[in-house]
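Trainee: Okay, so here is data-v3.cif, and as you'll see once you scroll down, it has mmCIF, C-alpha atoms.
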```cif
data_model
loop_
_atom_site.label_atom_id
_atom_site.label_comp_id
_atom_site.auth_asym_id
_atom_site.auth_seq_id
_atom_site.Cartn_x
_atom_site.Cartn_y
_atom_site.Cartn_z
CA MET V 1 163.10 -44.63 68.30
CA PRO V 2 163.17 -43.27 64.73
CA LEU V 3 166.43 -41.98 63.43
CA ILE V 4 166.73 -38.25 62.70
CA ASP V 5 167.20 -37.53 59.02
CA LYS V 6 170.42 -35.52 58.71
CA SER V 7 170.62 -35.52 54.92
CA TRP V 8 169.78 -31.80 54.88
CA LYS V 9 173.22 -31.11 56.34
CA ALA V 10 174.88 -32.67 53.33
CA ASP V 11 172.63 -30.74 50.93
CA TRP V 12 173.03 -27.41 52.73
CA PRO V 13 176.22 -26.19 50.91
CA ALA V 14 174.67 -26.90 47.51
CA ARG V 15 171.39 -25.21 48.50
CA ARG V 16 173.25 -22.17 49.81
CA ALA V 17 175.28 -21.93 46.58
CA GLU V 18 172.08 -22.11 44.51
CA TRP V 19 170.47 -19.39 46.64
CA ARG V 20 173.48 -17.10 46.22
CA ALA V 21 173.60 -17.72 42.46
CA ALA V 22 169.90 -16.89 42.15
CA LYS V 23 170.40 -13.73 44.16
CA ARG V 24 173.29 -12.65 41.94
CA ALA V 25 171.27 -13.39 38.81
CA SER V 26 168.36 -11.30 40.03
CA GLY V 27 170.65 -8.24 40.24
CA PRO V 28 171.03 -5.73 43.02
CA GLU V 29 168.08 -5.14 45.24
CA GLN V 30 166.31 -1.91 44.35
CA LEU V 31 164.64 0.13 47.03
CA GLY V 32 161.30 1.70 46.34
CA PRO V 33 161.02 5.42 45.60
CA PRO V 34 160.97 7.79 48.59
CA ASN V 35 157.61 8.95 49.88
CA GLY V 36 156.09 11.06 52.64
CA PHE V 37 156.94 8.54 55.35
CA ALA V 38 160.62 9.48 54.93
CA LEU V 39 159.88 12.96 56.34
CA LEU V 40 157.65 11.97 59.25
CA PRO V 41 160.40 10.94 61.74
CA TRP V 42 161.66 14.54 61.77
CA LEU V 43 158.50 15.52 63.67
CA LEU V 44 160.29 14.20 66.75
CA MET V 45 162.15 17.53 66.77
CA GLY V 46 158.93 19.01 68.16
CA MET V 47 158.90 16.73 71.21
CA GLY V 48 160.44 19.50 73.34
CA ALA V 49 157.55 21.84 72.61
CA PHE V 50 155.10 19.00 73.17
CA SER V 51 156.71 18.21 76.54
CA HIS V 52 156.54 21.87 77.65
CA LEU V 53 152.89 21.96 76.66
CA PHE V 54 151.94 18.96 78.80
CA GLN V 55 154.11 20.01 81.71
CA GLY V 56 152.31 23.36 81.91
CA LYS V 57 155.40 25.38 81.04
CA THR V 58 153.64 27.01 78.08
CA ASP V 59 151.47 30.11 78.37
CA ASN V 60 148.04 29.84 76.78
CA PRO V 61 148.26 26.05 76.40
CA TRP V 62 145.10 25.89 74.30
CA ILE V 63 146.60 28.19 71.71
CA GLY V 64 149.87 26.26 71.84
CA GLY V 65 148.10 22.92 71.46
CA ALA V 66 146.00 24.17 68.54
CA SER V 67 149.10 25.59 66.86
CA LEU V 68 150.97 22.33 67.39
CA LEU V 69 148.10 20.30 65.94
CA ALA V 70 147.75 22.61 62.94
CA PHE V 71 151.52 22.53 62.28
CA ASN V 72 151.70 18.73 62.41
CA SER V 73 148.64 18.34 60.18
CA LEU V 74 149.95 20.74 57.54
CA TYR V 75 153.44 19.20 57.72
CA ILE V 76 152.07 15.69 57.10
CA TYR V 77 149.87 16.99 54.26
CA VAL V 78 152.78 18.76 52.57
CA SER V 79 155.13 15.79 53.10
CA PHE V 80 152.92 13.32 51.27
CA ARG V 81 152.19 15.71 48.41
CA ALA V 82 155.84 16.64 47.88
CA PHE V 83 156.72 13.37 46.11
CA ASP V 84 154.28 13.71 43.23
CA LYS V 85 155.10 16.43 40.71
CA ARG V 86 151.51 17.38 39.95
CA SER V 87 150.52 17.47 43.64
CA ARG V 88 153.73 19.26 44.58
CA GLU V 89 153.10 22.09 42.11
CA SER V 90 149.39 22.48 42.91
CA ARG V 91 148.06 25.60 44.62
CA SER V 92 146.77 23.71 47.64
CA THR V 93 150.27 22.46 48.45
CA ARG V 94 151.72 25.96 48.12
CA TYR V 95 148.97 27.39 50.34
CA ALA V 96 149.59 24.65 52.92
CA LEU V 97 153.33 25.46 52.89
CA ALA V 98 152.56 29.15 53.35
CA GLY V 99 150.25 28.32 56.25
CA LEU V 100 153.01 26.19 57.74
CA GLY V 101 155.32 29.21 57.60
CA LEU V 102 152.79 31.49 59.32
CA ILE V 103 152.19 28.99 62.13
CA THR V 104 155.94 28.52 62.61
CA GLY V 105 156.49 32.26 62.86
CA PHE V 106 153.59 32.65 65.30
CA MET V 107 154.77 29.82 67.60
CA SER V 108 158.39 30.96 67.63
CA VAL V 109 157.46 34.59 68.40
CA MET V 110 154.97 33.62 71.09
CA TYR V 111 156.98 30.92 72.89
CA GLY V 112 160.63 30.70 71.74
CA GLY V 113 162.81 27.97 73.28
CA PRO V 114 162.13 24.49 71.82
CA TRP V 115 159.43 26.00 69.60
CA LEU V 116 162.19 27.55 67.51
CA LEU V 117 163.12 24.10 66.20
CA PHE V 118 159.99 24.16 64.05
CA TRP V 119 161.90 26.47 61.70
CA MET V 120 164.08 23.50 60.72
CA LEU V 121 160.99 21.43 60.02
CA LEU V 122 159.67 24.30 57.91
CA GLY V 123 162.96 24.39 56.00
CA LEU V 124 162.77 20.64 55.43
CA ALA V 125 159.19 20.89 54.11
CA THR V 126 160.16 23.82 51.90
CA GLY V 127 163.07 21.87 50.41
CA ALA V 128 160.76 18.93 49.73
CA VAL V 129 158.21 21.07 47.86
CA LEU V 130 160.43 23.56 46.07
CA ARG V 131 163.06 22.22 43.64
CA GLY V 132 165.59 23.85 41.36
CA PRO V 133 166.86 27.44 41.55
CA ARG V 134 163.81 28.74 43.45
CA VAL V 135 164.57 26.88 46.65
CA GLY V 136 167.78 28.80 47.48
CA PRO V 137 166.33 32.34 47.80
CA VAL V 138 163.25 31.10 49.67
CA LEU V 139 165.35 29.18 52.19
CA LEU V 140 167.66 32.14 52.62
CA VAL V 141 164.68 34.34 53.54
CA LEU V 142 163.41 31.70 55.99
CA ALA V 143 166.88 31.40 57.58
CA VAL V 144 167.09 35.16 58.08
CA CYS V 145 163.62 35.27 59.66
CA ALA V 146 164.43 32.29 61.87
CA GLY V 147 167.74 33.83 62.96
CA ALA V 148 166.15 37.21 63.74
CA ILE V 149 163.35 35.71 65.85
CA ALA V 150 165.76 33.31 67.60
CA ALA V 151 168.14 36.20 68.39
CA TRP V 152 165.26 38.15 69.91
CA LYS V 153 163.98 35.22 71.98
CA ASP V 154 167.11 33.23 72.87
CA GLY V 155 170.17 35.25 71.92
CA TRP V 156 173.18 33.33 70.54
CA SER V 157 171.19 30.20 69.64
CA ALA V 158 170.01 32.17 66.61
CA VAL V 159 173.05 31.04 64.62
CA ASN V 160 172.20 27.36 65.04
CA ILE V 161 168.52 27.90 64.20
CA ALA V 162 169.29 29.91 61.05
CA TYR V 163 171.96 27.46 59.91
CA GLY V 164 169.74 24.42 60.60
CA THR V 165 166.82 25.96 58.68
CA LEU V 166 168.97 26.68 55.64
CA ILE V 167 170.84 23.36 55.59
CA SER V 168 167.80 21.15 56.23
CA GLY V 169 166.01 22.67 53.25
CA LEU V 170 168.98 22.60 50.87
CA VAL V 171 169.96 19.03 51.71
CA THR V 172 166.37 17.77 51.40
CA SER V 173 165.90 19.49 48.05
CA ALA V 174 169.21 18.14 46.73
CA ILE V 175 168.55 14.56 47.85
CA LEU V 176 165.02 14.44 46.47
CA THR V 177 166.09 16.05 43.18
CA LEU V 178 168.88 13.49 42.84
CA SER V 179 166.43 10.68 43.63
CA GLU V 180 164.05 11.85 40.91
CA THR V 181 166.93 12.17 38.44
CA VAL V 182 168.05 8.61 39.16
CA LYS V 183 164.47 7.41 38.71
CA GLU V 184 164.19 9.18 35.36
CA LEU V 185 167.54 7.81 34.22
CA ARG V 186 166.51 4.30 35.19
CA SER V 187 163.24 4.69 33.30
CA THR V 188 165.10 6.07 30.28
CA ARG V 189 167.56 3.19 30.37
CA GLN V 190 164.72 0.67 30.42
CA GLU V 191 163.01 2.45 27.55
CA LEU V 192 166.25 2.47 25.55
CA ALA V 193 166.67 -1.23 26.22
CA ARG V 194 163.12 -1.94 25.03
CA THR V 195 163.69 0.20 21.94
CA ALA V 196 166.93 -1.61 21.15
CA VAL V 197 165.17 -4.97 21.44
CA GLU V 198 162.36 -3.81 19.16
CA LYS V 199 164.82 -2.49 16.58
CA GLU V 200 166.79 -5.72 16.63
CA ARG V 201 163.60 -7.76 16.30
CA LEU V 202 162.48 -5.60 13.37
CA ARG V 203 165.89 -5.88 11.73
CA PHE V 204 165.93 -9.63 12.04
CA SER V 205 162.37 -10.12 10.80
CA ARG V 206 162.94 -7.86 7.79
CA ASP V 207 166.28 -9.44 6.91
CA LEU V 208 164.96 -12.96 7.24
CA HIS V 209 161.80 -12.24 5.28
CA ASP V 210 163.75 -10.46 2.57
CA LEU V 211 166.32 -13.20 2.22
CA LEU V 212 163.77 -16.00 2.12
CA GLY V 213 161.46 -14.16 -0.28
CA HIS V 214 164.21 -13.52 -2.81
CA THR V 215 165.89 -16.90 -2.46
CA LEU V 216 162.67 -18.91 -2.70
CA SER V 217 161.62 -16.92 -5.76
CA VAL V 218 164.92 -17.74 -7.48
CA ILE V 219 164.71 -21.41 -6.48
CA VAL V 220 161.15 -21.69 -7.81
CA VAL V 221 162.08 -20.07 -11.13
CA LYS V 222 165.18 -22.22 -11.60
CA SER V 223 163.26 -25.36 -10.61
CA GLU V 224 160.65 -24.63 -13.27
CA ALA V 225 163.43 -24.03 -15.80
CA ALA V 226 165.07 -27.34 -14.87
CA ARG V 227 161.73 -29.15 -15.24
CA ARG V 228 161.18 -27.66 -18.70
CA LEU V 229 164.74 -28.40 -19.88
CA ALA V 230 165.03 -31.94 -18.51
CA PRO V 231 163.14 -33.76 -21.36
CA ARG V 232 165.23 -32.19 -24.17
CA ASP V 233 168.51 -30.93 -22.62
CA MET V 234 169.65 -32.78 -19.54
CA ASP V 235 172.94 -30.86 -19.32
CA ALA V 236 171.14 -27.51 -19.20
CA ALA V 237 168.72 -28.89 -16.60
CA LEU V 238 171.62 -30.08 -14.48
CA ALA V 239 173.16 -26.61 -14.74
CA GLN V 240 169.94 -25.15 -13.34
CA VAL V 241 170.00 -27.70 -10.52
CA SER V 242 173.59 -26.71 -9.78
CA ASP V 243 172.49 -23.08 -9.64
CA ILE V 244 169.73 -24.04 -7.19
CA GLU V 245 172.32 -25.69 -4.95
CA SER V 246 174.53 -22.59 -5.15
CA VAL V 247 171.62 -20.28 -4.32
CA GLY V 248 170.67 -22.47 -1.37
CA ARG V 249 174.18 -22.42 0.04
CA GLN V 250 174.42 -18.67 -0.40
CA ALA V 251 171.06 -18.27 1.34
CA LEU V 252 172.29 -20.27 4.32
CA THR V 253 175.33 -18.01 4.62
CA GLU V 254 173.21 -14.87 4.37
CA ILE V 255 170.74 -16.11 6.97
CA ARG V 256 173.59 -16.82 9.40
CA GLU V 257 174.90 -13.30 8.81
CA ALA V 258 171.44 -11.85 9.31
CA VAL V 259 171.04 -13.72 12.60
CA THR V 260 174.33 -12.32 13.91
CA GLY V 261 173.51 -8.84 12.63
CA TYR V 262 176.59 -8.49 10.43
CA ARG V 263 175.00 -8.82 7.03
CA GLU V 264 175.54 -5.94 4.61
CA GLY V 265 174.41 -6.10 1.02
CA SER V 266 176.78 -5.61 -1.90
CA LEU V 267 175.65 -3.99 -5.14
CA THR V 268 178.02 -6.11 -7.23
CA THR V 269 176.78 -9.33 -5.63
CA GLU V 270 173.14 -8.34 -6.04
CA LEU V 271 173.68 -7.40 -9.70
CA ASP V 272 175.19 -10.84 -10.38
CA GLY V 273 172.28 -12.48 -8.56
CA ALA V 274 169.81 -10.34 -10.52
CA ARG V 275 171.32 -11.48 -13.84
CA SER V 276 171.00 -15.12 -12.83
CA ALA V 277 167.45 -14.81 -11.49
CA LEU V 278 166.18 -12.85 -14.49
CA ALA V 279 167.81 -15.21 -17.00
CA ALA V 280 166.29 -18.23 -15.26
CA ALA V 281 162.86 -16.56 -15.44
CA GLY V 282 163.25 -15.99 -19.20
CA ILE V 283 163.76 -12.24 -18.81
CA GLU V 284 166.71 -10.62 -20.53
CA PRO V 285 168.85 -8.72 -18.00
CA VAL V 286 170.42 -5.45 -19.15
CA VAL V 287 172.83 -3.93 -16.63
CA ARG V 288 174.50 -0.54 -17.09
CA GLN V 289 176.82 0.88 -14.46
CA SER V 290 178.86 4.07 -14.57
CA GLY V 291 180.43 6.53 -12.17
CA PRO V 292 183.06 6.42 -9.40
CA PRO V 293 183.23 3.64 -6.79
CA LEU V 294 180.58 3.89 -4.09
CA GLU V 295 180.88 4.01 -0.30
CA PRO V 296 180.03 0.73 1.47
CA GLN V 297 176.83 2.13 2.98
CA ALA V 298 175.54 3.39 -0.37
CA GLU V 299 176.45 0.06 -1.99
CA ALA V 300 174.57 -1.85 0.68
CA LEU V 301 171.42 0.26 0.31
CA LEU V 302 171.38 0.07 -3.47
CA GLY V 303 172.01 -3.66 -3.26
CA TRP V 304 168.83 -4.02 -1.20
CA VAL V 305 166.90 -1.97 -3.77
CA VAL V 306 168.15 -4.14 -6.65
CA ARG V 307 167.21 -7.31 -4.77
CA GLU V 308 163.72 -6.04 -3.95
CA ALA V 309 162.99 -4.66 -7.42
CA VAL V 310 164.26 -7.75 -9.27
CA THR V 311 162.37 -10.06 -6.91
CA ASN V 312 159.15 -8.19 -7.75
CA VAL V 313 159.89 -8.43 -11.48
CA VAL V 314 160.47 -12.19 -11.26
CA ARG V 315 157.39 -12.80 -9.12
CA HIS V 316 154.91 -10.32 -10.57
CA GLY V 317 156.23 -9.06 -13.92
CA GLN V 318 153.69 -10.68 -16.21
CA GLY V 319 154.85 -10.82 -19.83
CA ALA V 320 158.17 -9.08 -19.08
CA ALA V 321 160.86 -9.91 -21.64
CA ARG V 322 163.53 -7.44 -20.54
CA CYS V 323 164.61 -5.85 -17.26
CA THR V 324 167.01 -2.92 -17.30
CA ILE V 325 169.13 -2.01 -14.28
CA ALA V 326 170.99 1.28 -14.62
CA VAL V 327 173.40 2.69 -12.01
CA GLU V 328 174.69 6.21 -12.63
CA GLY V 329 177.04 7.87 -10.18
CA THR V 330 178.43 11.38 -9.88
CA ALA V 331 180.77 13.00 -7.37
CA GLU V 332 177.83 13.82 -5.08
CA ARG V 333 174.91 11.48 -5.77
CA VAL V 334 174.20 8.05 -7.24
CA ARG V 335 171.01 7.05 -9.05
CA LEU V 336 169.56 3.60 -9.63
CA LYS V 337 166.75 2.72 -12.03
CA VAL V 338 165.18 -0.72 -12.41
CA SER V 339 162.54 -1.02 -15.13
CA ASP V 340 160.83 -3.84 -17.00
CA ASP V 341 158.66 -4.03 -20.11
CA GLY V 342 155.92 -6.18 -18.65
CA ARG V 343 152.27 -5.32 -18.18
CA GLY V 344 152.94 -3.47 -14.92
CA ALA V 345 151.99 -6.34 -12.64
CA ALA V 346 155.29 -5.95 -10.85
CA GLY V 347 153.84 -2.85 -9.30
CA VAL V 348 150.83 -4.43 -7.70
CA THR V 349 152.40 -3.73 -4.32
CA PRO V 350 154.05 -0.30 -4.58
CA GLY V 351 153.10 0.31 -0.97
CA GLY V 352 154.05 -3.15 0.22
CA ASN V 353 156.32 -3.90 3.11
CA GLY V 354 159.45 -4.19 0.98
CA LEU V 355 159.21 -0.94 -0.98
CA LYS V 356 157.80 0.91 2.02
CA GLY V 357 160.65 -0.21 4.26
CA LEU V 358 163.21 0.68 1.59
CA THR V 359 161.65 4.11 1.13
CA GLU V 360 161.96 4.81 4.85
CA ARG V 361 165.51 3.50 4.95
CA LEU V 362 166.70 5.58 2.00
CA ALA V 363 164.96 8.68 3.38
CA THR V 364 166.81 8.24 6.66
CA ALA V 365 170.08 7.98 4.73
CA GLY V 366 169.35 11.26 2.92
CA GLY V 367 168.02 9.71 -0.28
CA SER V 368 164.71 8.85 -1.89
CA LEU V 369 162.88 5.98 -3.58
CA THR V 370 159.92 6.07 -5.94
CA ALA V 371 158.08 3.21 -7.61
CA GLY V 372 155.24 3.10 -10.09
CA PRO V 373 154.14 2.30 -13.65
CA GLY V 374 156.52 3.47 -16.37
CA PRO V 375 155.51 5.95 -19.10
CA ARG V 376 155.71 3.20 -21.74
CA GLY V 377 154.34 0.41 -19.63
CA GLY V 378 156.03 -1.91 -17.22
CA PHE V 379 157.11 -0.90 -13.76
CA VAL V 380 159.92 1.44 -12.71
CA VAL V 381 161.78 1.70 -9.40
CA ARG V 382 164.02 4.74 -8.96
CA ALA V 383 166.43 5.26 -6.05
CA GLU V 384 168.72 8.20 -5.36
CA LEU V 385 171.34 8.51 -2.63
CA PRO V 386 174.16 10.83 -1.63
CA VAL V 387 177.53 9.20 -2.28
CA GLU V 388 178.29 9.30 1.47
CA ALA V 389 175.01 7.92 2.77
CA ARG V 390 174.42 8.24 6.50
CA GLU V 391 174.99 4.99 8.38
CA LEU V 392 171.88 3.16 9.55
CA THR V 393 171.17 0.56 12.19
CA ALA V 394 168.01 -1.00 10.75
CA SER V 395 167.66 -3.26 7.79
CA PRO V 396 165.39 -2.61 4.88
CA GLY V 397 161.95 -3.94 4.57
CA SER V 398 161.02 -7.34 3.34
CA PRO V 399 159.82 -7.94 -0.13
CA SER V 400 156.24 -7.32 -1.05
#
```
Please re-express this file's structure in structure tokens.
Mentor:
Amino acid sequence: MPLIDKSWKADWPARRAEWRAAKRASGPEQLGPPNGFALLPWLLMGMGAFSHLFQGKTDNPWIGGASLLAFNSLYIYVSFRAFDKRSRESRSTRYALAGLGLITGFMSVMYGGPWLLFWMLLGLATGAVLRGPRVGPVLLVLAVCAGAIAAWKDGWSAVNIAYGTLISGLVTSAILTLSETVKELRSTRQELARTAVEKERLRFSRDLHDLLGHTLSVIVVKSEAARRLAPRDMDAALAQVSDIESVGRQALTEIREAVTGYREGSLTTELDGARSALAAAGIEPVVRQSGPPLEPQAEALLGWVVREAVTNVVRHGQGAARCTIAVEGTAERVRLKVSDDGRGAAGVTPGGNGLKGLTERLATAGGSLTAGPGPRGGFVVRAELPVEARELTASPGSPS
């Protein structure tokens, strides 16, 4: 006789723990949105009238049966159209609700007794279709009509019928309005989450592209300088190699900061880097800076502009012998101008990703950026910012 494998008993605690962990990771179970089926069980309130009809306790049973069939059909129609905004606000739904009210009034006047309960179903359907401030007055009118007819047919039961008609409609309208609000909030939260992810992805791609484009340009220029200097001046070549090592280490630090989202540019740092990159490319750097100290946000934005403009000069400034960087600040605004005396090739991409992204970023901060050929040749990048630039959450564009 084969032995029964009981190893599953030993594995059961671990399997149960895995199942619970997976359930917790998947988050709370979310129920689907309400629909017309949620209102159908309330039709059971009409079972008393249905019972009277089949027991022969109802006068003119054919009229009663037709009225009952028409009421149920219109109630089901209205119930399933009440959960879609376009269908709920259509004329056909409003006409069906009006017809439902006429049939309810006819049945309650003609028969009374259990037929009066259809007023509560009418109130429920009205609350499902009408939302907002309109539902209160309409339900109040229905409650008064229901109470008056019930008082005429059954006396003191009118209070219960009027109260049930009013409450059923108000509660239904409130619950369905709250359900739609929660649905909209959930959708908005998901959209905000997607937007945040897209912004972070854009920030990271721009930062990374910008950092690599500038750093690689500097490394290439300094490597060429080291190659040219090596045959005749080994010490100068080794100095260029040392600069390459320093640039590489700085790039690693900046990339780590970009990955974590904490990188902010510094105008002073970028000006020092611009001097080094331009000198290595054989371009004389001329830096002029005046005005009061800048706010950190304005410094960061102008630092990005200096990096982008100088990178374009080094990569595309054919025949450039001098690059001038001028920073002029006042009590209200600060202006930056980067110009070279080349043949204008630095401006081959005035609409490129880098300048375009910087233009958008400065515009969002309340400033402006223009780029184009200078009046005496070369290429000119001008940036202007308020001293207290508005804080941003995105990084500037990558270099062209």
Trainee: Evaluate the PyMOL selection byres ((chain V and resi 69-74) around 8) on the structure here and hand back the selected residues as JSON, numbers by chain.
Mentor: {"V": [43, 65, 66, 67, 68, 75, 76, 77, 78, 96, 97, 99, 100, 103, 104]}
Trainee: Would you mind reading off the distance between CA of Gln318 (chain V) and CA of Glu270 (chain V), one decimal, in Å?
Mentor: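 It comes out at 22.1 Å.
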Trainee: Run the PyMOL selection byres ((chain V and resi 37) around 12) mentally over the shown coordinates, then write out the matched residues as a ChimeraX atom specification, using the chain letters and numbers from the document.
Mentor: /V:33-36,38-43,75-83
Trainee: Just to confirm, what's the straight-line distance from CA of Val159 (chain V) to CA of Gly147 (chain V) in Å (one decimal)?
Mentor: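 Computed distance, CA of Val159 (chain V) to CA of Gly147 (chain V), equals 6.2 Å.
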Trainee: One decimal, Å: what's the distance from CA of Arg86 (chain V) over to CA of Ala193 (chain V), could you say?
Mentor: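 About the pair CA of Arg86 (chain V) and CA of Ala193 (chain V): they are 27.7 Å apart.
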Trainee: For this structure, which residues satisfy the selection - the PyMOL selection byres ((chain V and resi 374) around 10) - when it is evaluated on the file as given? I want them as a list in words.
Mentor: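 That selection, the PyMOL selection byres ((chain V and resi 374) around 10), comes back as Ser339, Asp340, Asp341, Gly342, Arg343, Gly344, Gly347, Ala371, Gly372, Pro373, Pro375, Arg376, Gly377, Gly378, Phe379, Val380 and Val381 of chain V.
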Trainee: Determine the nearest neighbour of Ile149 (chain V) from the options V:Ala237, V:Ile167, V:Leu278, V:Leu116, counting all atoms listed in the file.
Mentor: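 Smallest distance to Ile149 (chain V) is found for V:Leu116.
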Trainee: I need the residue nearest Gly357 (chain V) from this list: V:Ala320, V:Pro292, V:Leu336, V:Ser205. Use all atoms listed in the file for the distance.
Mentor: V:Ser205
Trainee: Find the residues around region 174-180 of chain V up to 8 Å (only C-alpha atoms counted), leave out those fewer than 3 positions away in its own chain, and share them as an MDAnalysis selection string.
Mentor: chainID V and resid 33:34 128 131 170:171 183:184
Trainee: Name the closest residue to Ala146 (chain V) among the candidates V:Leu267, V:Leu122, V:Ala49, V:Val306; distances are taken between atoms, counting all atoms listed in the file.
Mentor: V:Leu122
